[in-house]
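Chemist: This is the structure I have questions about; it appears just below.
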Amino acid sequence: MKDALLERIRSREAQVAVVGLGYVGLPLALRFSECGFRVIGIDTDAERVAQLARGETCIARYQNSRIAQAVKRGFRPTMSFAEARNADAILICVPTPLTAQREPDLSHVRAAADALAPQLRAGQLVSLESTTYPGTTEEEIVPRIEKGNLRIGRDCFVCFSPEREDPGNARFPTHAIPKILGGITPQCVEVGLALYGAAIDRVVPVSSTRTAEMVKLLENVHRAVNIGLANEMKIICDRMGIDVHEVIRAAATKPFGFVPYWPGPGLGGHCIPIDPFYLAWKARAYGVHTRFIELAGEINAAMPLWVLGKVADALNARGKSVRGSRILVLGVAYKKNVDDLRESPALELMRLLAEKGARVSFSDPHVPELRWAVHDEVPTRGSELTSEILEKQDLVLIATDHDAFDYALVLKNSRLIVDTRGRYLEPAANVVKA
Ligand SMILES: NC(=O)c1ccc[n+]([C@@H]2O[C@H](COP(=O)([O-])OP(=O)(O)OC[C@H]3O[C@@H](n4cnc5c(N)ncnc54)[C@H](O)[C@@H]3O)[C@@H](O)[C@H]2O)c1
C-alpha cells in the first residue's frame, strides 16, 4: 500500500482532497494544484463552494485569477464527502474555535471525521491540520479510521501537520513556510513527508502527532504570552510617561536575545486569542495549571477596556464626555492589511464606545461593510477617509494600522487621535498613545 501511494505522489497521479476551504485550506489546495496534483476541495458552505467553482475568491487576498487558473487545471470544490473516496491524500483544515464557556470546540473536526469515515479505504493518507490540543489525532481521527478495519501504518496513513499561515504576510507564501509533521507510525511519517515535500520547501518531522500538535500550540502560546508582556509594559510605561513603542524599537536593536512584540488594543484572529486555551484545557486533565497562559489571557483580554479608559481620559482632558462624542475607528480587521474580522478587538471597542453613548463610525479600506451590526447605533457601512469626515470627529481611534490609511491626512485634520498601534512616532499635541 505504502509503496503504491508513494509512487502515485511521486508521479503526481495522486489526488489531494482538502476539507475546509478557508484561510488555511484554500491556499493549501491552490499550492497542491500548482504543484501538479489533481485537487478537490470539500466544504460544507454552499456559497463558498459555488463561489470557488466559478473561479471567484472567498478570501480577498487570493486573487480570482489564481483560483480561476486552479479551476482550469481541474481544482474542483464540492460539498460531497463521497468524493473523498477517490482521493489519495485527505487534508483536514476545518475550524477549531472555543465554546461559549471558552473550552475547545472540536465539533467541526468530529463532523468532518464522521463524514469522511465511511469514504476511507486502503491506500490513503489522512492529515489533520487544524490547530488543537495534544492527543486530538489519536483520540478523534485514529478510532474513526480503525472502525473501518483499516490498519494504520499498513493500509492507510495518519499524520498531524499544523498550518502556519500568516495572513497578510507576503514575505512567506505557503511553500516557503516550513511544515511540522508527526505521524502515528514511521510509515505514516514517510508518506506525509513525501506528500508535503512535493509542495512545501521544507518539512520537519517530529516523533509523534502529539508532539506536532504541541509544537503549534507552543508557537501560539509564545506569541500570546509575549504580547501580554508587551501590553503590561505599555501600561507601566504609560504611567511613567514613557513611550513603550520607542522602548521596544530601541530594545530591538540588540542583535541577540531579544525579539520585539508589540502592544495593541487586544488580541484578534482565529489563533492567538483561542489556541492557548486548547492547551490550558487539556493540561487541566493532567493536573497542571497553565499560569502563564491564563495571565497573558487576562492582560490581553483587558486591553479594550484599558483603551476605552484612555479614550475617556483624552476626551475628558478636552472637556468632553464619551457620551455624545463623534468617534471614528480606523481599522476594524484584527490586524493590519487583512480583511479578517474574527475576534477583532476593534469590534469590541466599537461596541464598548457605543454602549457609553458615543456616536461611533468606522473606516477600513479592507472592510467596506460589516456583515452584522456590532451595536444598534453603529452603522454597518464604513466611512471614506476624507478631511471633511475627519474634521467632524471629536476623536479618531486608530485600532488597526493598515498601510493603506493616509496617516498624514489623519494627523492634519483630526482634533484628537488615540493611537493604539504606535503609528505616530513623534509626539504631537493631538495624539494620545494608548
Ligand atoms: N487563519 C489562520 O491564520 C490560521 C493559521 C494557522 C492555523 N489555523 C488553523 O487552521 C484551522 C482552520 O482555520 P481557518 O482560518 O482556515 O478557518 P476558516 O473559518 O477560514 O475556514 C474553515 C472552512 O471549513 C469549513 N468547514 C467547517 N466545518 C466543516 C466540515 N465539517 N466539513 C467541511 N468543511 C467545513 C468552513 O465552511 C470554512 O470554509 C483552524 O484550526 C485554525 O486554528 C488558522
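Just so we're on the same page: first chain in the C-alpha cells is A, next is B, and so on; residues restart at 1 for each chain, and ligands are numbered from 1 in the order they show up.
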Counting only C-alpha atoms and all ligand atoms, what residues are within 9 Å of ligand 1, given as a PyMOL selection string?
Modeler: chain A and resi 18-26+41-46+48-49+58-59+79+81+92-97+107-116+129-132+162-167+216+269-272+274-275+340
Chemist: What are the DSSP strand (DSSP E or B) residues of range 112-149 of chain A, as a PyMOL selection string?
Modeler: chain A and resi 125-128
Chemist: Quick one: write out the picked residues with N, CA, C and O atoms as a compact mmCIF listing (two decimals), in the first residue's frame?
Modeler:
# COMPACT_ATOMS: atom_id res chain seq x y z
N LEU A 125 -3.81 8.64 2.68
CA LEU A 125 -3.19 9.40 3.77
C LEU A 125 -4.23 10.38 4.29
O LEU A 125 -4.89 11.08 3.50
N VAL A 126 -4.40 10.42 5.63
CA VAL A 126 -5.28 11.42 6.23
C VAL A 126 -4.41 12.29 7.13
O VAL A 126 -3.70 11.79 8.00
N SER A 127 -4.47 13.61 6.89
CA SER A 127 -3.65 14.51 7.71
C SER A 127 -4.54 15.60 8.31
O SER A 127 -5.27 16.28 7.58
N LEU A 128 -4.47 15.74 9.62
CA LEU A 128 -5.21 16.81 10.29
C LEU A 128 -4.30 18.04 10.36
O LEU A 128 -3.13 17.92 10.74
Chemist: A:Asp406, A:Glu219, A:Glu7, A:Glu232: which is nearest Val191 in chain A, counting only C-alpha atoms?
Modeler: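 Distance minimum relative to Val191 in chain A lands on A:Glu7.
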Chemist: Of the candidates A:Pro134, A:Leu195, A:Leu120, A:Lys254, which one gets nearest to Glu146 in chain A if we count only C-alpha atoms?
Modeler: A:Leu120
Chemist: To one decimal place in Å, what is the distance between CA of Asp339 in chain A and CA of Arg54 in chain A?
Modeler: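 A separation of 21.4 Å between them.
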Chemist: I need the residue nearest Arg421 in chain A from this list: A:Val322, A:Ala230, A:Leu315, A:Ala408. Use only C-alpha atoms for the distance.
Modeler: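 Closest candidate: A:Ala230.
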Chemist: When distances are computed from only C-alpha atoms, which of A:Ile9, A:Ile235, A:Ala429, A:Leu330 shows the smallest separation from Leu385 in chain A?
Modeler: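 So, comparing all the options, the nearest one is A:Leu330.
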Chemist: Among range 231-411 of chain A, which residues does DSSP mark as alpha helix (DSSP H) when it is run on the backbone? Keep the chain and numbering as in the structure and answer as JSON, numbers by chain.
Modeler: {"A": [231, 232, 233, 234, 235, 236, 237, 238, 239, 240, 244, 245, 246, 247, 248, 249, 250, 251, 275, 276, 277, 278, 279, 280, 281, 282, 283, 284, 285, 291, 292, 293, 294, 295, 296, 297, 298, 299, 300, 301, 303, 304, 305, 306, 307, 308, 309, 310, 311, 312, 313, 314, 315, 316, 345, 346, 347, 348, 349, 350, 351, 352, 353, 354, 355, 387, 388, 389, 390, 391, 407, 408, 409, 410, 411]}
Chemist: Report as a PyMOL selection string all protein, DNA and RNA residues lying within 12 Å of range 366-369 of chain A, evaluated on only C-alpha atoms, omitting residues in the same chain fewer than 4 positions from it.
Modeler: chain A and resi 59-61+168+330-341+361-362+373-374+378-385+400-405
Chemist: Export N, CA, C and O atoms of the chosen residues as a short mmCIF file (atom, residue, chain, number, x, y, z; two decimals), in the first residue's frame?
Modeler:
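The resulting file, out_19.cif, is reproduced below:
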data_model
loop_
_atom_site.label_atom_id
_atom_site.label_comp_id
_atom_site.auth_asym_id
_atom_site.auth_seq_id
_atom_site.Cartn_x
_atom_site.Cartn_y
_atom_site.Cartn_z
N ILE A 59 -11.74 34.82 -0.20
CA ILE A 59 -10.83 35.47 0.74
C ILE A 59 -10.05 36.50 -0.06
O ILE A 59 -9.33 36.15 -1.01
N ALA A 60 -10.21 37.78 0.29
CA ALA A 60 -9.78 38.86 -0.59
C ALA A 60 -8.35 38.72 -1.09
O ALA A 60 -8.07 39.02 -2.23
N ARG A 61 -7.44 38.20 -0.23
CA ARG A 61 -6.05 38.27 -0.70
C ARG A 61 -5.69 37.20 -1.74
O ARG A 61 -4.62 37.25 -2.33
N GLY A 168 -1.77 37.98 5.34
CA GLY A 168 -1.31 39.34 5.07
C GLY A 168 0.20 39.46 4.96
O GLY A 168 0.71 40.52 4.64
N LEU A 330 -10.49 53.76 13.15
CA LEU A 330 -9.75 53.40 11.93
C LEU A 330 -9.26 51.96 12.04
O LEU A 330 -8.50 51.62 12.95
N GLY A 331 -9.71 51.14 11.09
CA GLY A 331 -9.28 49.74 11.05
C GLY A 331 -10.14 48.87 11.94
O GLY A 331 -10.11 49.01 13.16
N VAL A 332 -10.93 47.98 11.33
CA VAL A 332 -11.74 47.05 12.14
C VAL A 332 -11.26 45.61 12.03
O VAL A 332 -11.61 44.78 12.84
N ALA A 333 -10.43 45.31 11.02
CA ALA A 333 -9.86 43.96 10.91
C ALA A 333 -8.97 43.72 12.12
O ALA A 333 -8.51 44.67 12.76
N TYR A 334 -8.68 42.45 12.42
CA TYR A 334 -7.95 42.18 13.67
C TYR A 334 -6.48 42.53 13.56
O TYR A 334 -5.80 42.70 14.57
N LYS A 335 -5.96 42.60 12.30
CA LYS A 335 -4.57 43.04 12.17
C LYS A 335 -4.40 43.76 10.84
O LYS A 335 -5.27 43.70 9.97
N LYS A 336 -3.23 44.41 10.69
CA LYS A 336 -3.08 45.29 9.54
C LYS A 336 -3.08 44.54 8.21
O LYS A 336 -2.63 43.41 8.12
N ASN A 337 -3.64 45.24 7.22
CA ASN A 337 -3.59 44.82 5.82
C ASN A 337 -4.36 43.53 5.52
O ASN A 337 -4.09 42.88 4.51
N VAL A 338 -5.27 43.12 6.41
CA VAL A 338 -6.13 41.97 6.10
C VAL A 338 -7.60 42.39 6.26
O VAL A 338 -7.90 43.45 6.82
N ASP A 339 -8.49 41.52 5.77
CA ASP A 339 -9.93 41.82 5.88
C ASP A 339 -10.61 40.92 6.90
O ASP A 339 -11.83 40.81 6.93
N ASP A 340 -9.82 40.25 7.74
CA ASP A 340 -10.34 39.24 8.66
C ASP A 340 -10.85 39.91 9.95
O ASP A 340 -10.10 40.59 10.64
N LEU A 341 -12.11 39.67 10.28
CA LEU A 341 -12.72 40.34 11.45
C LEU A 341 -12.78 39.44 12.68
O LEU A 341 -13.23 39.87 13.74
N SER A 361 -18.46 55.56 14.27
CA SER A 361 -18.43 55.08 12.88
C SER A 361 -17.04 54.48 12.65
O SER A 361 -16.19 54.56 13.53
N PHE A 362 -16.84 53.89 11.49
CA PHE A 362 -15.53 53.28 11.25
C PHE A 362 -15.10 53.48 9.79
O PHE A 362 -15.93 53.80 8.93
N ALA A 373 -24.33 43.85 12.74
CA ALA A 373 -24.14 45.09 13.48
C ALA A 373 -23.45 44.80 14.81
O ALA A 373 -23.84 43.87 15.52
N VAL A 374 -22.43 45.59 15.17
CA VAL A 374 -21.80 45.39 16.48
C VAL A 374 -22.68 45.99 17.59
O VAL A 374 -22.60 45.61 18.75
N VAL A 378 -24.41 51.67 15.72
CA VAL A 378 -23.19 51.79 14.90
C VAL A 378 -23.52 51.34 13.47
O VAL A 378 -23.97 50.21 13.27
N PRO A 379 -23.30 52.22 12.48
CA PRO A 379 -23.63 51.83 11.10
C PRO A 379 -22.76 50.66 10.64
O PRO A 379 -21.60 50.54 11.05
N THR A 380 -23.32 49.81 9.80
CA THR A 380 -22.54 48.67 9.31
C THR A 380 -21.70 49.06 8.10
O THR A 380 -20.80 48.32 7.71
N ARG A 381 -22.02 50.18 7.50
CA ARG A 381 -21.23 50.62 6.34
C ARG A 381 -20.10 51.52 6.81
O ARG A 381 -20.31 52.42 7.63
N GLY A 382 -18.91 51.31 6.30
CA GLY A 382 -17.77 52.12 6.69
C GLY A 382 -17.79 53.49 6.01
O GLY A 382 -18.48 53.68 5.01
N SER A 383 -17.01 54.43 6.58
CA SER A 383 -16.92 55.77 6.01
C SER A 383 -15.68 55.86 5.12
O SER A 383 -14.73 55.11 5.31
N GLU A 384 -15.71 56.80 4.23
CA GLU A 384 -14.49 57.16 3.49
C GLU A 384 -13.56 57.86 4.47
O GLU A 384 -14.02 58.37 5.50
N LEU A 385 -12.30 57.95 4.12
CA LEU A 385 -11.39 58.70 4.99
C LEU A 385 -11.02 60.00 4.27
O LEU A 385 -10.08 60.03 3.47
N THR A 400 -6.50 49.58 14.12
CA THR A 400 -5.68 48.69 13.27
C THR A 400 -4.98 49.56 12.24
O THR A 400 -5.63 50.29 11.49
N ASP A 401 -3.66 49.48 12.21
CA ASP A 401 -2.89 50.44 11.41
C ASP A 401 -2.61 49.92 10.01
O ASP A 401 -1.45 49.68 9.63
N HIS A 402 -3.66 49.78 9.20
CA HIS A 402 -3.48 49.38 7.80
C HIS A 402 -2.52 50.35 7.10
O HIS A 402 -2.59 51.57 7.32
N ASP A 403 -1.68 49.82 6.22
CA ASP A 403 -0.76 50.69 5.48
C ASP A 403 -1.51 51.61 4.53
O ASP A 403 -0.99 52.66 4.13
N ALA A 404 -2.73 51.20 4.13
CA ALA A 404 -3.46 51.99 3.13
C ALA A 404 -3.99 53.32 3.69
O ALA A 404 -4.38 54.20 2.90
N PHE A 405 -4.01 53.50 5.00
CA PHE A 405 -4.51 54.78 5.54
C PHE A 405 -3.51 55.90 5.24
O PHE A 405 -2.29 55.68 5.27
#
Chemist: Excluding Gln119 in chain A and its own-chain neighbours fewer than 6 positions away, which residues fall within 12 Å of it when counting only C-alpha atoms? Please give them as a ChimeraX atom specification.
Modeler: /A:80-88,90,112-113,126,144-145,148,150
